[in-house]
file work26.cif (mmCIF, C-alpha atoms and all ligand atoms)
data_final
#
loop_
_atom_site.label_atom_id
_atom_site.label_comp_id
_atom_site.auth_asym_id
_atom_site.auth_seq_id
_atom_site.Cartn_x
_atom_site.Cartn_y
_atom_site.Cartn_z
CA MET R 1108 -14.81 -3.95 -12.34
CA GLU R 1109 -13.86 -0.49 -11.07
CA PRO R 1110 -10.12 -0.25 -10.39
CA VAL R 1111 -9.26 0.22 -6.71
CA LEU R 1112 -6.67 2.75 -7.70
CA LYS R 1113 -6.08 4.53 -10.95
CA VAL R 1114 -3.22 6.92 -11.51
CA GLU R 1115 -3.17 9.00 -14.69
CA ASN R 1116 -0.22 11.03 -15.88
CA LEU R 1117 0.97 11.56 -12.34
CA THR R 1118 3.88 13.98 -12.15
CA LYS R 1119 5.91 15.63 -9.42
CA VAL R 1120 8.31 18.43 -10.09
CA PHE R 1121 10.22 19.65 -7.04
CA THR R 1122 11.14 23.30 -7.22
CA ARG R 1123 13.64 24.91 -4.94
CA LYS R 1124 14.87 28.49 -4.94
CA GLY R 1125 18.15 28.87 -6.75
CA GLN R 1126 18.12 25.30 -8.02
CA PRO R 1127 16.93 23.77 -11.27
CA ASP R 1128 13.51 22.09 -11.17
CA TYR R 1129 13.67 18.37 -10.53
CA THR R 1130 11.14 15.94 -12.02
CA ALA R 1131 10.96 13.10 -9.49
CA VAL R 1132 7.92 11.43 -11.10
CA ASN R 1133 7.32 11.87 -14.80
CA HIS R 1134 3.80 11.36 -16.20
CA ILE R 1135 3.23 7.85 -14.91
CA SER R 1136 -0.04 5.93 -15.28
CA PHE R 1137 -1.17 2.61 -13.86
CA GLU R 1138 -4.16 0.96 -12.25
CA MET R 1139 -4.88 -1.76 -9.73
CA SER R 1140 -7.83 -4.16 -9.75
CA PRO R 1141 -9.57 -5.32 -6.57
CA GLY R 1142 -7.48 -7.97 -4.83
CA GLU R 1143 -4.45 -7.34 -6.99
CA CYS R 1144 -0.97 -7.12 -5.59
CA LEU R 1145 1.14 -4.71 -7.61
CA GLY R 1146 4.90 -4.42 -7.16
CA LEU R 1147 6.72 -1.13 -7.69
CA ILE R 1148 10.46 -1.58 -7.91
CA GLY R 1149 13.42 0.61 -8.72
CA GLU R 1150 16.66 1.71 -7.15
CA SER R 1151 16.80 4.26 -4.38
CA GLY R 1152 15.89 7.73 -5.67
CA SER R 1153 13.82 6.48 -8.62
CA GLY R 1154 10.66 8.18 -7.31
CA LYS R 1155 8.75 5.35 -5.60
CA THR R 1156 8.08 7.13 -2.31
CA THR R 1157 7.14 10.31 -4.14
CA VAL R 1158 4.46 8.33 -5.98
CA VAL R 1159 3.17 6.99 -2.65
CA ASN R 1160 3.23 10.43 -1.06
CA MET R 1161 1.08 11.78 -3.86
CA ILE R 1162 -1.37 8.88 -3.66
CA THR R 1163 -1.71 9.31 0.11
CA ARG R 1164 -1.90 13.08 -0.42
CA LEU R 1165 1.08 13.90 1.76
CA LEU R 1166 2.37 15.68 -1.32
CA ASP R 1167 0.47 17.65 -3.95
CA SER R 1168 1.01 16.38 -7.45
CA THR R 1169 2.20 18.81 -10.09
CA GLU R 1170 0.10 17.20 -12.78
CA GLY R 1171 -2.17 14.20 -13.28
CA ARG R 1172 -5.05 12.51 -11.50
CA ILE R 1173 -5.49 9.96 -8.73
CA LEU R 1174 -8.74 8.00 -8.52
CA LEU R 1175 -9.49 5.87 -5.50
CA GLY R 1176 -12.42 3.52 -6.12
CA GLY R 1177 -13.45 5.82 -8.97
CA GLU R 1178 -13.39 8.98 -6.85
CA ASP R 1179 -10.97 11.73 -7.82
CA ILE R 1180 -8.84 12.39 -4.72
CA THR R 1181 -6.14 14.43 -6.48
CA ARG R 1182 -6.97 17.64 -4.63
CA LEU R 1183 -8.87 16.35 -1.62
CA SER R 1184 -8.27 17.83 1.80
CA GLY R 1185 -10.02 17.95 5.18
CA LYS R 1186 -13.07 15.75 5.63
CA GLY R 1187 -12.96 14.25 2.14
CA LEU R 1188 -9.36 13.25 2.66
CA ARG R 1189 -10.12 11.63 6.02
CA LYS R 1190 -12.81 9.57 4.33
CA ALA R 1191 -10.36 8.49 1.62
CA TYR R 1192 -7.91 7.38 4.30
CA ARG R 1193 -10.45 4.82 5.46
CA GLU R 1194 -10.04 3.10 2.10
CA MET R 1195 -6.24 3.23 2.06
CA GLN R 1196 -3.67 2.53 4.72
CA MET R 1197 0.11 2.54 4.86
CA VAL R 1198 2.81 0.34 6.31
CA PHE R 1199 6.17 2.12 6.51
CA GLN R 1200 9.79 1.06 6.31
CA THR R 1201 10.48 1.72 9.99
CA PRO R 1202 7.97 -0.32 12.02
CA THR R 1203 7.94 2.09 14.97
CA ASP R 1204 6.84 4.95 12.66
CA SER R 1205 3.30 3.56 12.78
CA PHE R 1206 3.08 4.03 16.56
CA ASP R 1207 3.28 6.74 19.17
CA PRO R 1208 6.15 5.65 21.47
CA ARG R 1209 4.14 6.73 24.53
CA CYS R 1210 1.15 4.51 23.73
CA THR R 1211 0.78 0.73 23.81
CA LEU R 1212 0.49 -1.21 20.58
CA GLY R 1213 -3.09 -2.02 21.56
CA ASP R 1214 -3.96 1.68 21.82
CA GLY R 1215 -2.28 2.31 18.48
CA ILE R 1216 -4.11 -0.49 16.73
CA GLY R 1217 -7.47 0.45 18.31
CA GLU R 1218 -7.17 4.19 17.71
CA SER R 1219 -8.86 4.25 14.33
CA LEU R 1220 -11.64 1.97 15.62
CA ARG R 1221 -12.32 4.28 18.55
CA ASN R 1222 -12.29 7.26 16.16
CA ASN R 1223 -14.88 5.46 14.07
CA GLY R 1224 -17.30 5.04 16.94
CA TRP R 1225 -16.39 1.60 18.30
CA SER R 1226 -16.96 1.18 22.03
CA ARG R 1227 -13.89 0.67 24.23
CA LYS R 1228 -14.79 -2.98 24.85
CA ALA R 1229 -15.55 -3.81 21.23
CA ALA R 1230 -12.35 -2.08 20.08
CA LYS R 1231 -10.33 -4.00 22.66
CA ASP R 1232 -11.70 -7.35 21.47
CA GLU R 1233 -11.09 -6.39 17.85
CA VAL R 1234 -7.49 -5.42 18.66
CA VAL R 1235 -6.88 -8.91 20.08
CA ARG R 1236 -8.41 -10.47 16.99
CA LEU R 1237 -6.27 -8.31 14.69
CA LEU R 1238 -3.11 -9.16 16.66
CA GLU R 1239 -3.89 -12.85 16.34
CA VAL R 1240 -4.58 -12.54 12.61
CA CYS R 1241 -1.13 -10.97 12.35
CA GLY R 1242 0.54 -13.73 14.35
CA LEU R 1243 0.86 -12.00 17.72
CA SER R 1244 -0.66 -13.07 21.04
CA ALA R 1245 -3.12 -10.91 22.95
CA ASP R 1246 -0.50 -9.77 25.49
CA PHE R 1247 1.20 -7.66 22.80
CA ALA R 1248 -1.69 -5.20 23.17
CA GLY R 1249 -0.20 -4.06 26.47
CA ARG R 1250 3.36 -3.62 25.21
CA TYR R 1251 5.03 -0.44 24.03
CA PRO R 1252 6.74 -0.18 20.63
CA HIS R 1253 10.21 -0.31 22.25
CA GLN R 1254 9.29 -3.56 24.04
CA VAL R 1255 8.97 -5.64 20.87
CA SER R 1256 11.29 -6.66 18.03
CA GLY R 1257 11.25 -4.98 14.62
CA GLY R 1258 9.39 -7.89 13.05
CA GLN R 1259 6.81 -7.98 15.84
CA CYS R 1260 6.33 -4.23 15.57
CA GLN R 1261 5.82 -4.54 11.80
CA ARG R 1262 3.18 -7.23 12.42
CA ALA R 1263 1.45 -4.84 14.81
CA ALA R 1264 1.73 -2.06 12.20
CA ILE R 1265 -0.01 -4.33 9.69
CA ALA R 1266 -2.72 -5.06 12.28
CA ARG R 1267 -3.14 -1.32 12.75
CA ALA R 1268 -3.35 -0.71 9.02
CA LEU R 1269 -6.00 -3.42 8.62
CA ALA R 1270 -8.15 -2.28 11.55
CA ILE R 1271 -10.58 -0.18 9.55
CA ARG R 1272 -10.63 -2.68 6.70
CA PRO R 1273 -9.07 -0.67 3.93
CA LYS R 1274 -9.40 -1.72 0.31
CA LEU R 1275 -5.83 -0.71 -0.43
CA LEU R 1276 -2.72 -1.35 1.63
CA ILE R 1277 0.41 0.51 0.61
CA CYS R 1278 3.65 -1.02 1.86
CA ASP R 1279 6.61 1.28 1.18
CA GLU R 1280 9.75 -0.78 1.80
CA ALA R 1281 7.85 -2.41 4.67
CA THR R 1282 10.36 -5.25 4.84
CA SER R 1283 13.54 -3.36 4.01
CA SER R 1284 14.69 -2.63 7.56
CA LEU R 1285 14.19 -6.22 8.71
CA ASP R 1286 16.53 -9.24 8.73
CA VAL R 1287 16.12 -11.61 5.81
CA THR R 1288 14.29 -14.33 7.78
CA ILE R 1289 11.94 -11.76 9.29
CA GLN R 1290 11.34 -10.24 5.85
CA GLN R 1291 10.18 -13.65 4.72
CA GLU R 1292 7.82 -13.91 7.70
CA ILE R 1293 6.24 -10.57 6.87
CA ILE R 1294 5.84 -11.59 3.21
CA ASP R 1295 4.22 -14.84 4.36
CA LEU R 1296 1.86 -12.86 6.59
CA LEU R 1297 0.87 -10.50 3.77
CA ASN R 1298 0.26 -13.50 1.50
CA GLU R 1299 -1.87 -15.14 4.16
CA LEU R 1300 -3.90 -11.97 4.60
CA ARG R 1301 -4.51 -11.81 0.89
CA TRP R 1302 -5.79 -15.37 0.85
CA THR R 1303 -8.04 -14.94 3.83
CA LYS R 1304 -9.37 -11.56 2.72
CA GLY R 1305 -9.89 -12.70 -0.86
CA SER R 1306 -10.52 -9.94 -3.32
CA ASP R 1307 -11.14 -7.39 -0.58
CA LEU R 1308 -7.56 -6.30 -0.19
CA SER R 1309 -5.27 -4.85 -2.84
CA ILE R 1310 -1.63 -4.26 -2.02
CA LEU R 1311 0.78 -1.80 -3.56
CA PHE R 1312 4.11 -3.31 -2.60
CA ILE R 1313 7.10 -1.02 -2.99
CA CYS R 1314 10.45 -2.66 -2.72
CA HIS R 1315 13.90 -2.49 -4.23
CA ASP R 1316 14.30 -6.27 -3.92
CA ILE R 1317 12.83 -7.98 -6.97
CA ALA R 1318 13.22 -11.42 -5.36
CA LEU R 1319 10.62 -10.48 -2.72
CA VAL R 1320 8.34 -8.91 -5.30
CA GLN R 1321 8.52 -12.08 -7.36
CA GLN R 1322 7.08 -14.18 -4.53
CA PHE R 1323 4.21 -11.94 -3.96
CA CYS R 1324 3.02 -9.73 -6.82
CA GLU R 1325 1.00 -10.52 -9.93
CA TYR R 1326 2.33 -7.57 -11.83
CA VAL R 1327 5.37 -5.34 -11.52
CA LEU R 1328 6.22 -1.79 -12.54
CA VAL R 1329 9.88 -0.85 -12.82
CA MET R 1330 10.72 2.79 -12.13
CA TYR R 1331 13.89 4.53 -13.17
CA LYS R 1332 14.51 8.26 -12.71
CA GLY R 1333 10.82 9.06 -12.41
CA ASP R 1334 9.65 6.99 -15.37
CA ILE R 1335 8.00 3.59 -15.53
CA VAL R 1336 10.53 1.99 -17.86
CA GLU R 1337 9.06 -1.51 -17.93
CA GLN R 1338 6.10 -3.49 -16.69
CA GLY R 1339 4.88 -7.07 -16.75
CA THR R 1340 4.51 -10.17 -14.65
CA PRO R 1341 7.47 -10.93 -12.38
CA GLY R 1342 8.30 -13.89 -14.65
CA GLU R 1343 8.41 -11.70 -17.76
CA ILE R 1344 10.49 -9.06 -16.09
CA ILE R 1345 13.01 -11.44 -14.58
CA GLN R 1346 13.31 -13.85 -17.51
CA ASP R 1347 13.10 -11.40 -20.34
CA PRO R 1348 13.82 -7.86 -19.23
CA ARG R 1349 13.70 -5.45 -22.18
CA ASP R 1350 14.83 -2.21 -20.68
CA PRO R 1351 18.59 -1.75 -20.13
CA TYR R 1352 18.00 -0.50 -16.60
CA THR R 1353 15.82 -3.51 -15.70
CA LYS R 1354 18.51 -5.79 -17.14
CA ARG R 1355 21.08 -4.25 -14.81
CA LEU R 1356 18.69 -4.43 -11.87
CA ILE R 1357 18.07 -8.14 -12.48
CA ALA R 1358 21.75 -8.87 -13.10
CA SER R 1359 22.62 -7.25 -9.78
CA ILE R 1360 20.47 -9.71 -7.82
CA LEU R 1361 21.05 -12.94 -9.72
N1 LIG Y 1401 10.76 17.11 -0.81
C1 LIG Y 1401 11.67 16.94 -1.78
N2 LIG Y 1401 12.30 17.99 -2.33
C2 LIG Y 1401 13.19 17.82 -3.33
N3 LIG Y 1401 13.52 16.63 -3.87
C3 LIG Y 1401 12.93 15.54 -3.35
C4 LIG Y 1401 11.99 15.62 -2.27
N4 LIG Y 1401 11.56 14.36 -1.99
C5 LIG Y 1401 12.23 13.54 -2.82
N5 LIG Y 1401 13.05 14.24 -3.64
C6 LIG Y 1401 13.91 13.68 -4.70
O1 LIG Y 1401 13.10 12.93 -5.60
C7 LIG Y 1401 13.78 11.76 -6.03
C8 LIG Y 1401 12.94 10.54 -5.75
O2 LIG Y 1401 12.91 10.29 -4.35
P1 LIG Y 1401 12.03 9.13 -3.71
O3 LIG Y 1401 10.66 9.24 -4.24
O4 LIG Y 1401 12.21 9.20 -2.24
O5 LIG Y 1401 12.74 7.83 -4.30
P2 LIG Y 1401 12.67 6.30 -3.84
O6 LIG Y 1401 11.54 6.14 -2.88
O7 LIG Y 1401 12.49 5.54 -5.10
O8 LIG Y 1401 13.99 6.01 -3.21
C9 LIG Y 1401 15.12 11.75 -5.30
O9 LIG Y 1401 16.10 12.26 -6.18
C10 LIG Y 1401 14.90 12.67 -4.14
O10 LIG Y 1401 16.09 13.30 -3.77
MG MG Y 1402 11.50 5.35 -0.95
#
call {"tool": "encode", "arguments": {"input": "work26.cif", "output": "C-alpha cells"}}
result
Amino acid sequence: MEPVLKVENLTKVFTRKGQPDYTAVNHISFEMSPGECLGLIGESGSGKTTVVNMITRLLDSTEGRILLGGEDITRLSGKGLRKAYREMQMVFQTPTDSFDPRCTLGDGIGESLRNNGWSRKAAKDEVVRLLEVCGLSADFAGRYPHQVSGGQCQRAAIARALAIRPKLLICDEATSSLDVTIQQEIIDLLNELRWTKGSDLSILFICHDIALVQQFCEYVLVMYKGDIVEQGTPGEIIQDPRDPYTKRLIASIL
C-alpha cells in the first residue's frame, strides 16, 4: 500500500548572517502507512517542529523530499499546496491557535467546509456532528474560543482539523499545554477517532512525553539534535533502549 507520508533525507539548515549555520534536521527518513499512528519524541530543541514545518510547507527544506500519498510536495506552493492541505491537517500546542478569536468555534470548524462548497445549512449540520464526535454538545458552535476551557478548545480544534476528512493529522505537542487529566481525555478522543475512522486516518503524534506516546502509537522515532537516533515499537524503546540519549530520556520519566 502507498505510504500516506514518506520523508526522504529531509534536512533543514538555518542560516543567519554573522552566525554559523545550524542543522536543525539532519537527513532524516521515515514513512507512515495508512491508519498508522507514529510517535515522534525528543527533548525540546531536537528538531521535531522543524520537521513538521517542512512537511506542512511552512518552511522550505534545505535538502530531501516529502511525498504525500505518493505526490512530491517538497516544493509545492499556491494551488497545489492548498490541495495538499486537504489531505493533511494540524493540531497545535496552544488550542486557541486553531481559531480566530473574533469568530465562534462553529464558524472556525465550518470554515473549510464553506470554502469547499458546502452550503451554509449543510456546513452547520456537519459542524454539530463534528462537535459531537469530539465530545462537545451543539451549543459549543456558538461560543468563542475564550469562552471555553483549554481541553474543550482542543476538542474543537480536532473537530476543525477533521472537517475536510484529511488522511493525515499532525499533532505537534497537542496535549502539552493541558493538565494531566485533560491530556488523557484528548488521547482517549484521538484513540476513539482512530477506531471509528479505521484505516482512513493516520496520525503523526509529536510529544516529549514518552508515556503518552506509549499509549497511543504503534511505532516511535526518537530525535536528538536533528537526528533520528532510535526507532521501534514503544515497548522496544522503553524496555530496551539502545541509544544513550534514549536511555536518559526513558530514565528521566520512569
Ligand atoms: N527559524 C529558525 N531560525 C533559526 N533556528 C531555528 C529556527 N527554528 C528553529 N530553530 C532551531 O532549531 C532547533 C530545533 O527547533 P524545533 O524544531 O523547534 O525543536 P523541537 O520542536 O523539537 O523543540 C532549535 O535549536 C531551534 O532553536
Ligand atoms: Mg516543538
call {"tool": "residues_near_ligand", "arguments": {"input": "work26.cif", "ligand": "ligand LIG 1401 (chain Y)", "cutoff": "10 Å", "atoms": "all atoms listed in the file", "output": "PyMOL selection string"}}
result
chain R and resi 1119-1123+1128-1132+1147-1161+1166+1279-1280+1313-1315+1330-1333
call {"tool": "write_last_selection", "arguments": {"input": "work26.cif", "atoms": "C-alpha atoms", "output": "PDB file, in the coordinates of the input"}}
result
ATOM      1  CA  LYS R1119       5.910  15.630  -9.420  1.00  0.00           C
ATOM      2  CA  VAL R1120       8.310  18.430 -10.090  1.00  0.00           C
ATOM      3  CA  PHE R1121      10.220  19.650  -7.040  1.00  0.00           C
ATOM      4  CA  THR R1122      11.140  23.300  -7.220  1.00  0.00           C
ATOM      5  CA  ARG R1123      13.640  24.910  -4.940  1.00  0.00           C
ATOM      6  CA  ASP R1128      13.510  22.090 -11.170  1.00  0.00           C
ATOM      7  CA  TYR R1129      13.670  18.370 -10.530  1.00  0.00           C
ATOM      8  CA  THR R1130      11.140  15.940 -12.020  1.00  0.00           C
ATOM      9  CA  ALA R1131      10.960  13.100  -9.490  1.00  0.00           C
ATOM     10  CA  VAL R1132       7.920  11.430 -11.100  1.00  0.00           C
ATOM     11  CA  LEU R1147       6.720  -1.130  -7.690  1.00  0.00           C
ATOM     12  CA  ILE R1148      10.460  -1.580  -7.910  1.00  0.00           C
ATOM     13  CA  GLY R1149      13.420   0.610  -8.720  1.00  0.00           C
ATOM     14  CA  GLU R1150      16.660   1.710  -7.150  1.00  0.00           C
ATOM     15  CA  SER R1151      16.800   4.260  -4.380  1.00  0.00           C
ATOM     16  CA  GLY R1152      15.890   7.730  -5.670  1.00  0.00           C
ATOM     17  CA  SER R1153      13.820   6.480  -8.620  1.00  0.00           C
ATOM     18  CA  GLY R1154      10.660   8.180  -7.310  1.00  0.00           C
ATOM     19  CA  LYS R1155       8.750   5.350  -5.600  1.00  0.00           C
ATOM     20  CA  THR R1156       8.080   7.130  -2.310  1.00  0.00           C
ATOM     21  CA  THR R1157       7.140  10.310  -4.140  1.00  0.00           C
ATOM     22  CA  VAL R1158       4.460   8.330  -5.980  1.00  0.00           C
ATOM     23  CA  VAL R1159       3.170   6.990  -2.650  1.00  0.00           C
ATOM     24  CA  ASN R1160       3.230  10.430  -1.060  1.00  0.00           C
ATOM     25  CA  MET R1161       1.080  11.780  -3.860  1.00  0.00           C
ATOM     26  CA  LEU R1166       2.370  15.680  -1.320  1.00  0.00           C
ATOM     27  CA  ASP R1279       6.610   1.280   1.180  1.00  0.00           C
ATOM     28  CA  GLU R1280       9.750  -0.780   1.800  1.00  0.00           C
ATOM     29  CA  ILE R1313       7.100  -1.020  -2.990  1.00  0.00           C
ATOM     30  CA  CYS R1314      10.450  -2.660  -2.720  1.00  0.00           C
ATOM     31  CA  HIS R1315      13.900  -2.490  -4.230  1.00  0.00           C
ATOM     32  CA  MET R1330      10.720   2.790 -12.130  1.00  0.00           C
ATOM     33  CA  TYR R1331      13.890   4.530 -13.170  1.00  0.00           C
ATOM     34  CA  LYS R1332      14.510   8.260 -12.710  1.00  0.00           C
ATOM     35  CA  GLY R1333      10.820   9.060 -12.410  1.00  0.00           C
TER      36      GLY R1333
END
call {"tool": "atom_distance", "arguments": {"input": "work26.cif", "atom1": "atom CA of R:Glu1337", "atom2": "atom CA of R:Asp1350"}}
result
6.4 Å
call {"tool": "residues_around", "arguments": {"input": "work26.cif", "residues": "R:Lys1231", "least_positions_apart": "3", "cutoff": "12 Å", "atoms": "all atoms listed in the file", "output": "MDAnalysis selection string"}}
result
chainID R and resid 1212:1221 1225:1228 1234:1238 1245:1246 1248:1249 1270
call {"tool": "atom_distance", "arguments": {"input": "work26.cif", "atom1": "atom CA of R:Arg1172", "atom2": "atom CA of R:Glu1138"}}
result
11.6 Å
call {"tool": "residues_around", "arguments": {"input": "work26.cif", "residues": "R:Leu1300", "least_positions_apart": "2", "cutoff": "12 Å", "atoms": "only C-alpha atoms", "output": "list in words"}}
result
Gly1142, Cys1144, Leu1237, Glu1239, Val1240, Cys1241, Gly1242, Arg1262, Ile1265, Ala1266, Leu1269, Arg1272, Leu1276, Ile1293, Ile1294, Asp1295, Leu1296, Leu1297, Asn1298, Trp1302, Thr1303, Lys1304, Gly1305, Ser1306, Asp1307, Leu1308, Ser1309, Ile1310 and Phe1323 of chain R
call {"tool": "closest_residue", "arguments": {"input": "work26.cif", "among": "R:Cys1324, R:Val1287, R:Gln1200, R:Ile1271", "to": "ligand MG 1402 (chain Y)", "atoms": "only C-alpha atoms and all ligand atoms"}}
result
R:Gln1200
call {"tool": "atom_distance", "arguments": {"input": "work26.cif", "atom1": "atom CA of R:Gln1346", "atom2": "atom CA of R:Phe1137"}}
result
22.2 Å
call {"tool": "closest_residue", "arguments": {"input": "work26.cif", "among": "R:Met1195, R:Ala1263, R:Pro1341, R:Phe1312", "to": "ligand MG 1402 (chain Y)", "atoms": "all atoms listed in the file"}}
result
R:Phe1312
call {"tool": "closest_residue", "arguments": {"input": "work26.cif", "among": "R:Leu1183, R:Ile1289, R:Thr1201, R:Arg1349", "to": "ligand MG 1402 (chain Y)", "atoms": "all atoms listed in the file"}}
result
R:Thr1201
call {"tool": "closest_residue", "arguments": {"input": "work26.cif", "among": "R:Ser1283, R:Gln1126, R:Ser1359, R:Asn1116", "to": "ligand MG 1402 (chain Y)", "atoms": "all atoms listed in the file"}}
result
R:Ser1283
call {"tool": "residues_around", "arguments": {"input": "work26.cif", "residues": "R:Met1197", "least_positions_apart": "6", "cutoff": "9 Å", "atoms": "all atoms listed in the file", "output": "list in words"}}
result
Thr1163, Ser1205, Ala1264, Ile1265, Ala1268, Leu1275, Leu1276, Ile1277, Cys1278 and Asp1279 of chain R
